[in-house]
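Novice: Please see the structure below; I have some questions.
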Number of protein chains: 2
Amino acid sequence: MDDSTRQKYDSRARIIKAMGHGTRLFLVDELSRGERCVCELQELVGADMSTVSKHLAVLREAGIVKDEKRGNQVFYSLRCPCVLNFFACVESVMQTSATQAVELAR
Amino acid sequence: MDDSTRQKYDSRARIIKAMGHGTRLFLVDELSRGERCVCELQELVGADMSTVSKHLAVLREAGIVKDEKRGNQVFYSLRCPCVLNFFACVESVMQTSATQAVELAR
DNA sequence: TGGCTAATTGGCAATTTAGCCAAATAGATA
DNA sequence: TATCTATTTGGCTAAATTGCCAATTAGCCA
């Protein structure tokens, strides 16, 4: 694999990787229902504010969410709702695995 | 976030995370064109055979690919072709980022 | 059996990531 | 201005990931 090909796949993987964490996946799911400020998300996640902020930064740097400061709050929202398609596919992968497990058990 | 919710998102994230690596994304893309044996993939990737084998194991454990031994070769193929939908979404995220960058520059 | 090829596994060092606390920044408001 | 709230950043440690080499496993064939 040459350098430019590697770079192409690495940059795409970076975006997917940003979703590859339980907390960040939860954040994306929550944001699919509308914009939320960091303090709301922190409440829902139940981790340190700084931890949530850093997860949001990862999603922002990947281009998945955008932030907007209003007053002294920062509101996050999905910039590319197509990421929600990931959920359906993931369910289907899990379904396939579960089905296969049952078949193997027979 | 309670334990079972966390578990739900973690298990889903694990599948996405498996795709979140340049080499593994390349492998998935290549397998979308049909089954390949490890040695073919190793040739294409250009890394150590053991490295490629481990990446394939990550994809297999996530339920994204399946393996089939024939003779002394192991053939891998996509178990859930829906993962290819990821590519279109990733392109769209990159497109949005690029467009925004151009707008900001103006 | 012995040797060959294909693939996986074990083990290691280097790098990256995650999550917490403390400190800094920024807007609102008294 | 002083203070309060919301958020980000810096710094640290623990844990996970990556990729290579070496060793092992497994099938094929002479």
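A note on labels: chains of the structure tokens are A, B, ... as shown, every chain counts residues from 1, and ligands are counted from 1 in their shown order.
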Residues of chain C within 12 Å of chain A, counting only C-alpha atoms (C1' of nucleotides) - could you list those as number ranges by chain?

Specialist: C: 17-22, 25-29

Novice: Give me, as a PyMOL selection string, the residues of chain D touching chain B, with the criterion being at most 12 Å (counting only C-alpha atoms (C1' of nucleotides)).

Specialist: chain D and resi 17-22+25-28

Novice: For the residues in that selection, give me C-alpha atoms (C1' of nucleotides) as an mmCIF file, in the first residue's frame.

Specialist:
```
data_model
loop_
_atom_site.group_PDB
_atom_site.id
_atom_site.type_symbol
_atom_site.label_atom_id
_atom_site.label_comp_id
_atom_site.auth_asym_id
_atom_site.auth_seq_id
_atom_site.Cartn_x
_atom_site.Cartn_y
_atom_site.Cartn_z
ATOM 1 C "C1'" DT D 17 -3.364 -0.628 20.813
ATOM 2 C "C1'" DT D 18 0.003 -1.331 17.173
ATOM 3 C "C1'" DG D 19 3.511 -3.699 14.672
ATOM 4 C "C1'" DC D 20 7.433 -6.326 14.521
ATOM 5 C "C1'" DC D 21 10.064 -10.769 15.359
ATOM 6 C "C1'" DA D 22 10.204 -15.460 16.821
ATOM 7 C "C1'" DT D 25 0.315 -24.831 14.379
ATOM 8 C "C1'" DA D 26 -1.764 -26.976 10.369
ATOM 9 C "C1'" DG D 27 -2.307 -28.696 5.758
ATOM 10 C "C1'" DC D 28 0.030 -30.362 1.539
#
```

Novice: Skipping near chain neighbours, those fewer than 6 positions away, what residues fall within 9 Å of B:Leu59 using only C-alpha atoms (C1' of nucleotides), listed as a list in words?

Specialist: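 Answer for this query is Ile15, Ala18, Met19, Arg24, Val28, Val65 and Lys66 of chain B.
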
Novice: Sort by chain and increasing residue number a table of all residues of chain B within 7 Å of chain A, each with its closest pair of atoms and their distance in Å to one decimal, counting only C-alpha atoms, and write it as JSON lines.

Specialist:
```
{"residue": "B:Met1", "atom": "CA", "partner": "A:Val45", "partner_atom": "CA", "distance": 5.1}
{"residue": "B:Arg6", "atom": "CA", "partner": "A:Gly22", "partner_atom": "CA", "distance": 6.8}
{"residue": "B:Tyr9", "atom": "CA", "partner": "A:Gly22", "partner_atom": "CA", "distance": 4.7}
{"residue": "B:Asp10", "atom": "CA", "partner": "A:Gly22", "partner_atom": "CA", "distance": 4.2}
{"residue": "B:Arg12", "atom": "CA", "partner": "A:Val90", "partner_atom": "CA", "distance": 6.3}
{"residue": "B:Ala13", "atom": "CA", "partner": "A:Gly20", "partner_atom": "CA", "distance": 4.6}
{"residue": "B:Arg14", "atom": "CA", "partner": "A:Gly20", "partner_atom": "CA", "distance": 6.4}
{"residue": "B:Ile15", "atom": "CA", "partner": "A:Val90", "partner_atom": "CA", "distance": 6.7}
{"residue": "B:Ile16", "atom": "CA", "partner": "A:Gly20", "partner_atom": "CA", "distance": 5.0}
{"residue": "B:Lys17", "atom": "CA", "partner": "A:Gly20", "partner_atom": "CA", "distance": 4.0}
{"residue": "B:Met19", "atom": "CA", "partner": "A:Ile16", "partner_atom": "CA", "distance": 6.8}
{"residue": "B:Gly20", "atom": "CA", "partner": "A:Lys17", "partner_atom": "CA", "distance": 4.1}
{"residue": "B:His21", "atom": "CA", "partner": "A:Ala13", "partner_atom": "CA", "distance": 5.0}
{"residue": "B:Gly22", "atom": "CA", "partner": "A:Asp10", "partner_atom": "CA", "distance": 4.2}
{"residue": "B:Leu25", "atom": "CA", "partner": "A:Tyr9", "partner_atom": "CA", "distance": 6.5}
{"residue": "B:Phe26", "atom": "CA", "partner": "A:Tyr9", "partner_atom": "CA", "distance": 6.3}
{"residue": "B:Leu44", "atom": "CA", "partner": "A:Met1", "partner_atom": "CA", "distance": 5.9}
{"residue": "B:Val45", "atom": "CA", "partner": "A:Met1", "partner_atom": "CA", "distance": 5.1}
{"residue": "B:Gly46", "atom": "CA", "partner": "A:Met1", "partner_atom": "CA", "distance": 5.9}
{"residue": "B:Gly63", "atom": "CA", "partner": "A:Ser97", "partner_atom": "CA", "distance": 6.0}
{"residue": "B:Ile64", "atom": "CA", "partner": "A:Val93", "partner_atom": "CA", "distance": 6.6}
{"residue": "B:Cys80", "atom": "CA", "partner": "A:Val93", "partner_atom": "CA", "distance": 6.0}
{"residue": "B:Cys82", "atom": "CA", "partner": "A:Cys89", "partner_atom": "CA", "distance": 5.8}
{"residue": "B:Val83", "atom": "CA", "partner": "A:Cys89", "partner_atom": "CA", "distance": 6.3}
{"residue": "B:Phe86", "atom": "CA", "partner": "A:Phe86", "partner_atom": "CA", "distance": 6.7}
{"residue": "B:Cys89", "atom": "CA", "partner": "A:Cys82", "partner_atom": "CA", "distance": 5.8}
{"residue": "B:Val90", "atom": "CA", "partner": "A:Arg12", "partner_atom": "CA", "distance": 6.3}
{"residue": "B:Val93", "atom": "CA", "partner": "A:Cys80", "partner_atom": "CA", "distance": 6.0}
{"residue": "B:Ser97", "atom": "CA", "partner": "A:Gly63", "partner_atom": "CA", "distance": 6.0}
```

Novice: Limited to N, CA, C and O atoms, could you put the picked residues into a file as a tab-separated table (two decimals), in the first residue's frame?

Specialist:
```tsv
chain	number	residue	atom	x	y	z
B	1	MET	N	-25.40	7.61	33.30
B	1	MET	CA	-25.63	6.44	32.43
B	1	MET	C	-25.48	5.16	33.26
B	1	MET	O	-24.43	4.92	33.83
B	6	ARG	N	-24.55	1.63	29.46
B	6	ARG	CA	-23.13	1.69	29.10
B	6	ARG	C	-22.71	0.46	28.32
B	6	ARG	O	-22.01	0.53	27.31
B	9	TYR	N	-23.92	0.57	24.70
B	9	TYR	CA	-23.13	1.44	23.82
B	9	TYR	C	-21.71	0.92	23.63
B	9	TYR	O	-21.14	1.03	22.55
B	10	ASP	N	-21.16	0.32	24.67
B	10	ASP	CA	-19.81	-0.24	24.55
B	10	ASP	C	-19.77	-1.37	23.52
B	10	ASP	O	-18.84	-1.46	22.72
B	12	ARG	N	-21.72	-1.83	21.00
B	12	ARG	CA	-21.88	-1.28	19.65
B	12	ARG	C	-20.61	-0.55	19.21
B	12	ARG	O	-20.19	-0.65	18.05
B	13	ALA	N	-20.01	0.17	20.16
B	13	ALA	CA	-18.78	0.90	19.84
B	13	ALA	C	-17.67	-0.06	19.43
B	13	ALA	O	-16.83	0.26	18.58
B	14	ARG	N	-17.67	-1.22	20.04
B	14	ARG	CA	-16.62	-2.19	19.75
B	14	ARG	C	-16.61	-2.59	18.27
B	14	ARG	O	-15.56	-2.77	17.66
B	15	ILE	N	-17.79	-2.68	17.70
B	15	ILE	CA	-17.90	-3.04	16.28
B	15	ILE	C	-17.41	-1.89	15.41
B	15	ILE	O	-16.66	-2.10	14.45
B	16	ILE	N	-17.79	-0.69	15.76
B	16	ILE	CA	-17.36	0.48	14.99
B	16	ILE	C	-15.84	0.66	15.11
B	16	ILE	O	-15.15	0.93	14.14
B	17	LYS	N	-15.38	0.47	16.34
B	17	LYS	CA	-13.95	0.62	16.60
B	17	LYS	C	-13.11	-0.31	15.73
B	17	LYS	O	-12.00	0.02	15.31
B	19	MET	N	-13.53	-1.03	12.78
B	19	MET	CA	-13.33	-0.42	11.46
B	19	MET	C	-12.46	0.84	11.56
B	19	MET	O	-12.05	1.39	10.53
B	20	GLY	N	-12.21	1.30	12.75
B	20	GLY	CA	-11.52	2.56	12.95
B	20	GLY	C	-10.02	2.48	12.90
B	20	GLY	O	-9.33	2.93	13.81
B	21	HIS	N	-9.51	1.89	11.87
B	21	HIS	CA	-8.06	1.79	11.69
B	21	HIS	C	-7.80	1.71	10.19
B	21	HIS	O	-8.46	0.93	9.49
B	22	GLY	N	-6.83	2.49	9.72
B	22	GLY	CA	-6.58	2.57	8.28
B	22	GLY	C	-6.43	1.22	7.61
B	22	GLY	O	-7.07	0.96	6.58
B	25	LEU	N	-9.71	-0.73	7.61
B	25	LEU	CA	-10.68	-0.14	6.68
B	25	LEU	C	-10.32	-0.55	5.25
B	25	LEU	O	-11.20	-0.87	4.46
B	26	PHE	N	-9.03	-0.57	4.98
B	26	PHE	CA	-8.57	-1.01	3.67
B	26	PHE	C	-8.95	-2.47	3.43
B	26	PHE	O	-9.41	-2.84	2.35
B	44	LEU	N	-1.10	-6.95	-0.50
B	44	LEU	CA	-1.69	-5.64	-0.76
B	44	LEU	C	-1.35	-4.62	0.32
B	44	LEU	O	-1.04	-3.46	0.03
B	45	VAL	N	-1.43	-5.07	1.56
B	45	VAL	CA	-1.18	-4.15	2.68
B	45	VAL	C	0.31	-3.83	2.79
B	45	VAL	O	0.70	-2.69	3.06
B	46	GLY	N	1.13	-4.84	2.59
B	46	GLY	CA	2.57	-4.63	2.67
B	46	GLY	C	3.12	-4.60	4.08
B	46	GLY	O	4.18	-4.05	4.33
B	63	GLY	N	-17.31	-9.50	14.30
B	63	GLY	CA	-18.41	-10.05	13.51
B	63	GLY	C	-18.55	-9.42	12.14
B	63	GLY	O	-19.56	-9.61	11.46
B	64	ILE	N	-17.52	-8.70	11.72
B	64	ILE	CA	-17.59	-8.00	10.44
B	64	ILE	C	-17.18	-8.89	9.27
B	64	ILE	O	-17.72	-8.79	8.18
B	80	CYS	N	-21.11	-8.92	6.85
B	80	CYS	CA	-22.17	-7.91	6.84
B	80	CYS	C	-21.78	-6.78	5.88
B	80	CYS	O	-21.19	-5.79	6.30
B	82	CYS	N	-23.23	-4.43	4.88
B	82	CYS	CA	-23.76	-3.10	5.21
B	82	CYS	C	-22.67	-2.18	5.73
B	82	CYS	O	-22.81	-0.96	5.70
B	83	VAL	N	-21.56	-2.74	6.21
B	83	VAL	CA	-20.49	-1.87	6.69
B	83	VAL	C	-19.97	-0.96	5.58
B	83	VAL	O	-19.35	0.07	5.86
B	86	PHE	N	-20.67	2.73	5.62
B	86	PHE	CA	-19.82	3.64	6.38
B	86	PHE	C	-19.04	4.55	5.44
B	86	PHE	O	-18.87	5.73	5.70
B	89	CYS	N	-20.90	7.64	4.20
B	89	CYS	CA	-21.09	8.63	5.25
B	89	CYS	C	-19.79	9.35	5.57
B	89	CYS	O	-19.77	10.58	5.75
B	90	VAL	N	-18.71	8.60	5.61
B	90	VAL	CA	-17.41	9.20	5.91
B	90	VAL	C	-17.05	10.22	4.82
B	90	VAL	O	-16.56	11.31	5.12
B	93	VAL	N	-18.96	13.32	5.56
B	93	VAL	CA	-18.38	14.09	6.66
B	93	VAL	C	-17.18	14.88	6.16
B	93	VAL	O	-17.04	16.07	6.43
B	97	SER	N	-16.67	18.97	5.95
B	97	SER	CA	-15.52	19.64	6.54
B	97	SER	C	-14.78	20.48	5.51
B	97	SER	O	-14.42	21.62	5.76
```

Novice: If you run DSSP over the backbone, which residues in chain B end up alpha helix (DSSP H)? Put them as number ranges by chain.

Specialist: B: 3-19, 22-31, 38-45, 49-61, 85-105

Novice: Interatomic distance between atom CA of A:Glu35 and atom CA of A:Tyr76?

Specialist: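 Taking atom CA of A:Glu35 and atom CA of A:Tyr76, their separation equals 5.4 Å.
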
Novice: Any idea what the distance is between atom CA of B:Cys39 and atom CA of B:Leu78?

Specialist: 16.8 Å

Novice: DSSP on the backbone, strand (DSSP E) only: what residues of stretch 19-105 of chain A does that give? Format it as a ChimeraX atom specification.

Specialist: /A:36-37,65-70,73-78

Novice: Which distance in Å separates atom CA of A:Glu30 and atom C1' of C:DT16, to one decimal?

Specialist: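 Between atom CA of A:Glu30 and atom C1' of C:DT16 the gap is 26.9 Å.
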
Novice: Of the residues D:DA15, D:DA6, D:DT1, D:DA23, which is the one nearest to C:DT8, using only C-alpha atoms (C1' of nucleotides)?

Specialist: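 Closest candidate: D:DA23.
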